[in-house]
Amino acid sequence: MPYCMTVWVSVKQLGGETRGRRESVTCCHLSTCSAKLSATRGKAMKMKCTYRLLVLLGAASCLLVLLGITGDVSRILDLGRCSSVSSQNSPVSLPLLPRSAYNATPASPTSKPAATKRPQHLVTRWEAAAVGHGNREEKITRMVLAVVCCGDRLNETRTMLKSAAALSHSPLTMIVFTEETLKSAFTEMHSSWPVEVRFRITLDLHSITFPPGQDAATWRKLFKPCASQRLFMPSLLHEVDALIYVDTDTLFLAPLEHLWGHFSAMNASHMAAMAPEHEDLATGWYNRFAKHPYYGRLGVNSGVMLMNLTRLRRFGWEEYVVPIYKFYRLAITWGDQDIINIIFHFHPDKLYVYGCEYNLRPDHCMYMSVCKTAEIRGIFVLHGNRGTFHTNKQPAFRAVYQAWDEYQLGQDLRQDLYYPMQRFLLKASNTTCGKIHHAFLKALSSIVRLR
């Protein structure tokens, strides 16, 4: 009588996918055992192949669902970097205000103004600045750049405008809100530019003013002189559809068209776009010190801000600004930026967030580089807040400003801007921000190669 035996075979070992299953193989002859073991092994391999096929089919189904929702593969791949963050920040203690008041929503006006339909026959010189929201392929016909200049910010503002003019190539309108005594200086600046630049770029000067019924003296002194002026641009520039607002202490290191292109990336609910205030919770200001609500986990910085004025007017923007200021005036530190953060805390779906490379500040490299996208793609807009362009706190920022200050429109971008900036930055390469000097030059280098 032949000797029979039972062998337990682990399907996990054979198939590699099914955990905890074992099958018995009983045989009385060696040849029979080999055949049965082979059959069991083949069964396990079939199970493995079937499992992998199901995984691939599931992944393909998920991708098709995402394509059906977004309609654009590039948007899917870019969701992690440019997205509208709708998460609320964790509660922050508010010693200056009662807890019930902190959780309240004073931003909501009692009644929203009815949207007024613009007459079809009304065509203005701003018509070309209209933005085709959601259409990535629409040609840029005219961009609008706005800035507010008061006090001793004249040279800084003119240098910023020079950088925007030198690197852009589309028609551009520059709107400058300034004091009466400074208007002649801006007019002289524009008239000194080359003819081809003046033909492409128009200058529109406005006086510092606030809507009727507002306490102009109070708003004028909020945070920095005249900084709150941009809060009222929707009503002051009622014929403008959209614009890019920048602080005077900013410099462009890439064409303005790159930043303007984010208008087309916005969805139907977005009415503004900004970069995060910080990239790291350990060094963030809002999450550690703010005594008022703010956007998301880290807040946003309003030094470079895309504003869809049409949607802001429809939203009733200024009906929110005044009540928020009155309610939180004892808790805000950064003036108009805090007011903007509070509004978008209560309406996060209205804000589009782009990367830190579009608003790089000393905070991003003070201790170490935390804006990784800037190292990869280059810096598009440099923001030298807290006077960084004019002190030795961050020599790399001062080096960029010096190069732009010495450059004159019409000169060669490679010889008269890029190479001097490179030399200045190399002298600062031993500083924390200077260690990423390649990021300061990366976007600009692609421009000088093309021209």
# chains A, B, ... in the order shown; residues from 1 in each chain; ligands from 1

call {"tool": "residues_around", "arguments": {"residues": "region 412-416 of chain A", "least_positions_apart": "6", "cutoff": "12 Å", "atoms": "only C-alpha atoms", "output": "VMD selection string"}}
result
chain A and resid 163 166 to 167 253 402 to 406 422 to 423 441 444 to 451

call {"tool": "atom_distance", "arguments": {"atom1": "CA of Glu277 (chain A)", "atom2": "CA of Val304 (chain A)"}}
result
11.0 Å

call {"tool": "residues_around", "arguments": {"residues": "Leu205 (chain A)", "least_positions_apart": "5", "cutoff": "8 Å", "atoms": "only C-alpha atoms", "output": "ChimeraX atom specification"}}
result
/A:175-178,183

call {"tool": "write_last_selection", "arguments": {"atoms": "C-alpha atoms", "output": "PDB file, in the first residue's frame"}}
result
ATOM      1  CA  ILE A 175      -2.811 102.454 -12.822  1.00  0.00           C
ATOM      2  CA  VAL A 176      -1.067 104.480 -10.138  1.00  0.00           C
ATOM      3  CA  PHE A 177      -2.925 105.905  -7.136  1.00  0.00           C
ATOM      4  CA  THR A 178      -0.681 108.612  -5.746  1.00  0.00           C
ATOM      5  CA  LYS A 183       2.031 112.797 -10.272  1.00  0.00           C
TER       6      LYS A 183
END

call {"tool": "decode", "arguments": {"residues": "region 284-295 of chain A", "atoms": "all heavy atoms", "output": "mmCIF file, in the first residue's frame"}}
result
data_model
loop_
_atom_site.group_PDB
_atom_site.id
_atom_site.type_symbol
_atom_site.label_atom_id
_atom_site.label_comp_id
_atom_site.auth_asym_id
_atom_site.auth_seq_id
_atom_site.Cartn_x
_atom_site.Cartn_y
_atom_site.Cartn_z
ATOM 1 N N GLY A 284 5.089 80.291 10.917
ATOM 2 C CA GLY A 284 3.961 81.093 10.460
ATOM 3 C C GLY A 284 3.554 82.153 11.473
ATOM 4 O O GLY A 284 3.583 81.919 12.686
ATOM 5 N N TRP A 285 3.158 83.310 10.963
ATOM 6 C CA TRP A 285 2.756 84.389 11.876
ATOM 7 C C TRP A 285 1.295 84.232 12.278
ATOM 8 O O TRP A 285 0.960 84.302 13.469
ATOM 9 C CB TRP A 285 2.971 85.759 11.215
ATOM 10 C CG TRP A 285 2.836 86.884 12.205
ATOM 11 C CD1 TRP A 285 3.822 87.456 12.945
ATOM 12 C CD2 TRP A 285 1.616 87.545 12.595
ATOM 13 N NE1 TRP A 285 3.310 88.433 13.766
ATOM 14 C CE2 TRP A 285 1.943 88.504 13.572
ATOM 15 C CE3 TRP A 285 0.284 87.417 12.217
ATOM 16 C CZ2 TRP A 285 0.996 89.335 14.167
ATOM 17 C CZ3 TRP A 285 -0.660 88.237 12.806
ATOM 18 C CH2 TRP A 285 -0.311 89.180 13.764
ATOM 19 N N TYR A 286 0.419 84.055 11.315
ATOM 20 C CA TYR A 286 -1.010 84.034 11.621
ATOM 21 C C TYR A 286 -1.375 82.887 12.558
ATOM 22 O O TYR A 286 -2.135 83.074 13.508
ATOM 23 C CB TYR A 286 -1.838 83.943 10.333
ATOM 24 C CG TYR A 286 -1.994 85.274 9.629
ATOM 25 C CD1 TYR A 286 -1.287 85.562 8.471
ATOM 26 C CD2 TYR A 286 -2.844 86.259 10.133
ATOM 27 C CE1 TYR A 286 -1.412 86.785 7.831
ATOM 28 C CE2 TYR A 286 -2.983 87.483 9.500
ATOM 29 C CZ TYR A 286 -2.271 87.748 8.351
ATOM 30 O OH TYR A 286 -2.401 88.965 7.725
ATOM 31 N N ASN A 287 -0.845 81.695 12.306
ATOM 32 C CA ASN A 287 -1.219 80.548 13.141
ATOM 33 C C ASN A 287 -0.639 80.647 14.553
ATOM 34 O O ASN A 287 -1.103 79.973 15.469
ATOM 35 C CB ASN A 287 -0.773 79.237 12.484
ATOM 36 C CG ASN A 287 0.730 79.168 12.288
ATOM 37 O OD1 ASN A 287 1.307 79.937 11.528
ATOM 38 N ND2 ASN A 287 1.383 78.240 12.957
ATOM 39 N N ARG A 288 0.368 81.502 14.767
ATOM 40 C CA ARG A 288 0.962 81.632 16.099
ATOM 41 C C ARG A 288 0.517 82.886 16.851
ATOM 42 O O ARG A 288 0.432 82.865 18.082
ATOM 43 C CB ARG A 288 2.491 81.652 15.984
ATOM 44 C CG ARG A 288 3.100 80.338 15.503
ATOM 45 C CD ARG A 288 4.613 80.378 15.613
ATOM 46 N NE ARG A 288 5.176 81.409 14.744
ATOM 47 C CZ ARG A 288 6.379 81.953 14.938
ATOM 48 N NH1 ARG A 288 7.129 81.579 15.954
ATOM 49 N NH2 ARG A 288 6.823 82.880 14.100
ATOM 50 N N PHE A 289 0.236 83.975 16.134
ATOM 51 C CA PHE A 289 0.020 85.244 16.827
ATOM 52 C C PHE A 289 -1.310 85.935 16.531
ATOM 53 O O PHE A 289 -1.705 86.836 17.285
ATOM 54 C CB PHE A 289 1.159 86.220 16.484
ATOM 55 C CG PHE A 289 2.526 85.689 16.778
ATOM 56 C CD1 PHE A 289 3.432 85.474 15.747
ATOM 57 C CD2 PHE A 289 2.918 85.389 18.067
ATOM 58 C CE1 PHE A 289 4.702 84.979 15.993
ATOM 59 C CE2 PHE A 289 4.181 84.895 18.336
ATOM 60 C CZ PHE A 289 5.073 84.684 17.299
ATOM 61 N N ALA A 290 -1.984 85.586 15.450
ATOM 62 C CA ALA A 290 -3.183 86.339 15.057
ATOM 63 C C ALA A 290 -4.275 86.236 16.113
ATOM 64 O O ALA A 290 -4.528 85.175 16.676
ATOM 65 C CB ALA A 290 -3.699 85.836 13.715
ATOM 66 N N LYS A 291 -4.931 87.343 16.365
ATOM 67 C CA LYS A 291 -6.052 87.414 17.301
ATOM 68 C C LYS A 291 -7.377 87.594 16.559
ATOM 69 O O LYS A 291 -8.334 88.125 17.108
ATOM 70 C CB LYS A 291 -5.838 88.568 18.286
ATOM 71 C CG LYS A 291 -4.616 88.414 19.180
ATOM 72 C CD LYS A 291 -4.549 89.550 20.186
ATOM 73 C CE LYS A 291 -3.422 89.327 21.192
ATOM 74 N NZ LYS A 291 -2.106 89.562 20.600
ATOM 75 N N HIS A 292 -7.395 87.187 15.323
ATOM 76 C CA HIS A 292 -8.599 87.305 14.496
ATOM 77 C C HIS A 292 -8.625 86.132 13.524
ATOM 78 O O HIS A 292 -7.596 85.471 13.315
ATOM 79 C CB HIS A 292 -8.604 88.633 13.738
ATOM 80 C CG HIS A 292 -7.374 88.826 12.877
ATOM 81 N ND1 HIS A 292 -7.215 88.198 11.654
ATOM 82 C CD2 HIS A 292 -6.235 89.534 13.077
ATOM 83 C CE1 HIS A 292 -6.061 88.533 11.128
ATOM 84 N NE2 HIS A 292 -5.436 89.343 11.969
ATOM 85 N N PRO A 293 -9.747 85.852 12.899
ATOM 86 C CA PRO A 293 -9.798 84.772 11.894
ATOM 87 C C PRO A 293 -8.897 85.102 10.705
ATOM 88 O O PRO A 293 -8.649 86.267 10.397
ATOM 89 C CB PRO A 293 -11.268 84.738 11.477
ATOM 90 C CG PRO A 293 -12.003 85.458 12.556
ATOM 91 C CD PRO A 293 -11.066 86.472 13.114
ATOM 92 N N TYR A 294 -8.431 84.078 10.044
ATOM 93 C CA TYR A 294 -7.593 84.256 8.860
ATOM 94 C C TYR A 294 -7.826 83.080 7.917
ATOM 95 O O TYR A 294 -8.414 82.062 8.301
ATOM 96 C CB TYR A 294 -6.114 84.372 9.228
ATOM 97 C CG TYR A 294 -5.600 83.224 10.063
ATOM 98 C CD1 TYR A 294 -5.050 82.082 9.485
ATOM 99 C CD2 TYR A 294 -5.672 83.274 11.454
ATOM 100 C CE1 TYR A 294 -4.597 81.030 10.255
ATOM 101 C CE2 TYR A 294 -5.222 82.231 12.234
ATOM 102 C CZ TYR A 294 -4.672 81.111 11.630
ATOM 103 O OH TYR A 294 -4.238 80.064 12.393
ATOM 104 N N TYR A 295 -7.331 83.213 6.701
ATOM 105 C CA TYR A 295 -7.608 82.211 5.679
ATOM 106 C C TYR A 295 -6.761 80.954 5.882
ATOM 107 O O TYR A 295 -5.547 81.031 6.088
ATOM 108 C CB TYR A 295 -7.331 82.781 4.298
ATOM 109 C CG TYR A 295 -7.496 81.766 3.184
ATOM 110 C CD1 TYR A 295 -8.748 81.488 2.657
ATOM 111 C CD2 TYR A 295 -6.401 81.064 2.701
ATOM 112 C CE1 TYR A 295 -8.901 80.550 1.649
ATOM 113 C CE2 TYR A 295 -6.551 80.123 1.691
ATOM 114 C CZ TYR A 295 -7.801 79.864 1.176
ATOM 115 O OH TYR A 295 -7.954 78.926 0.200
#
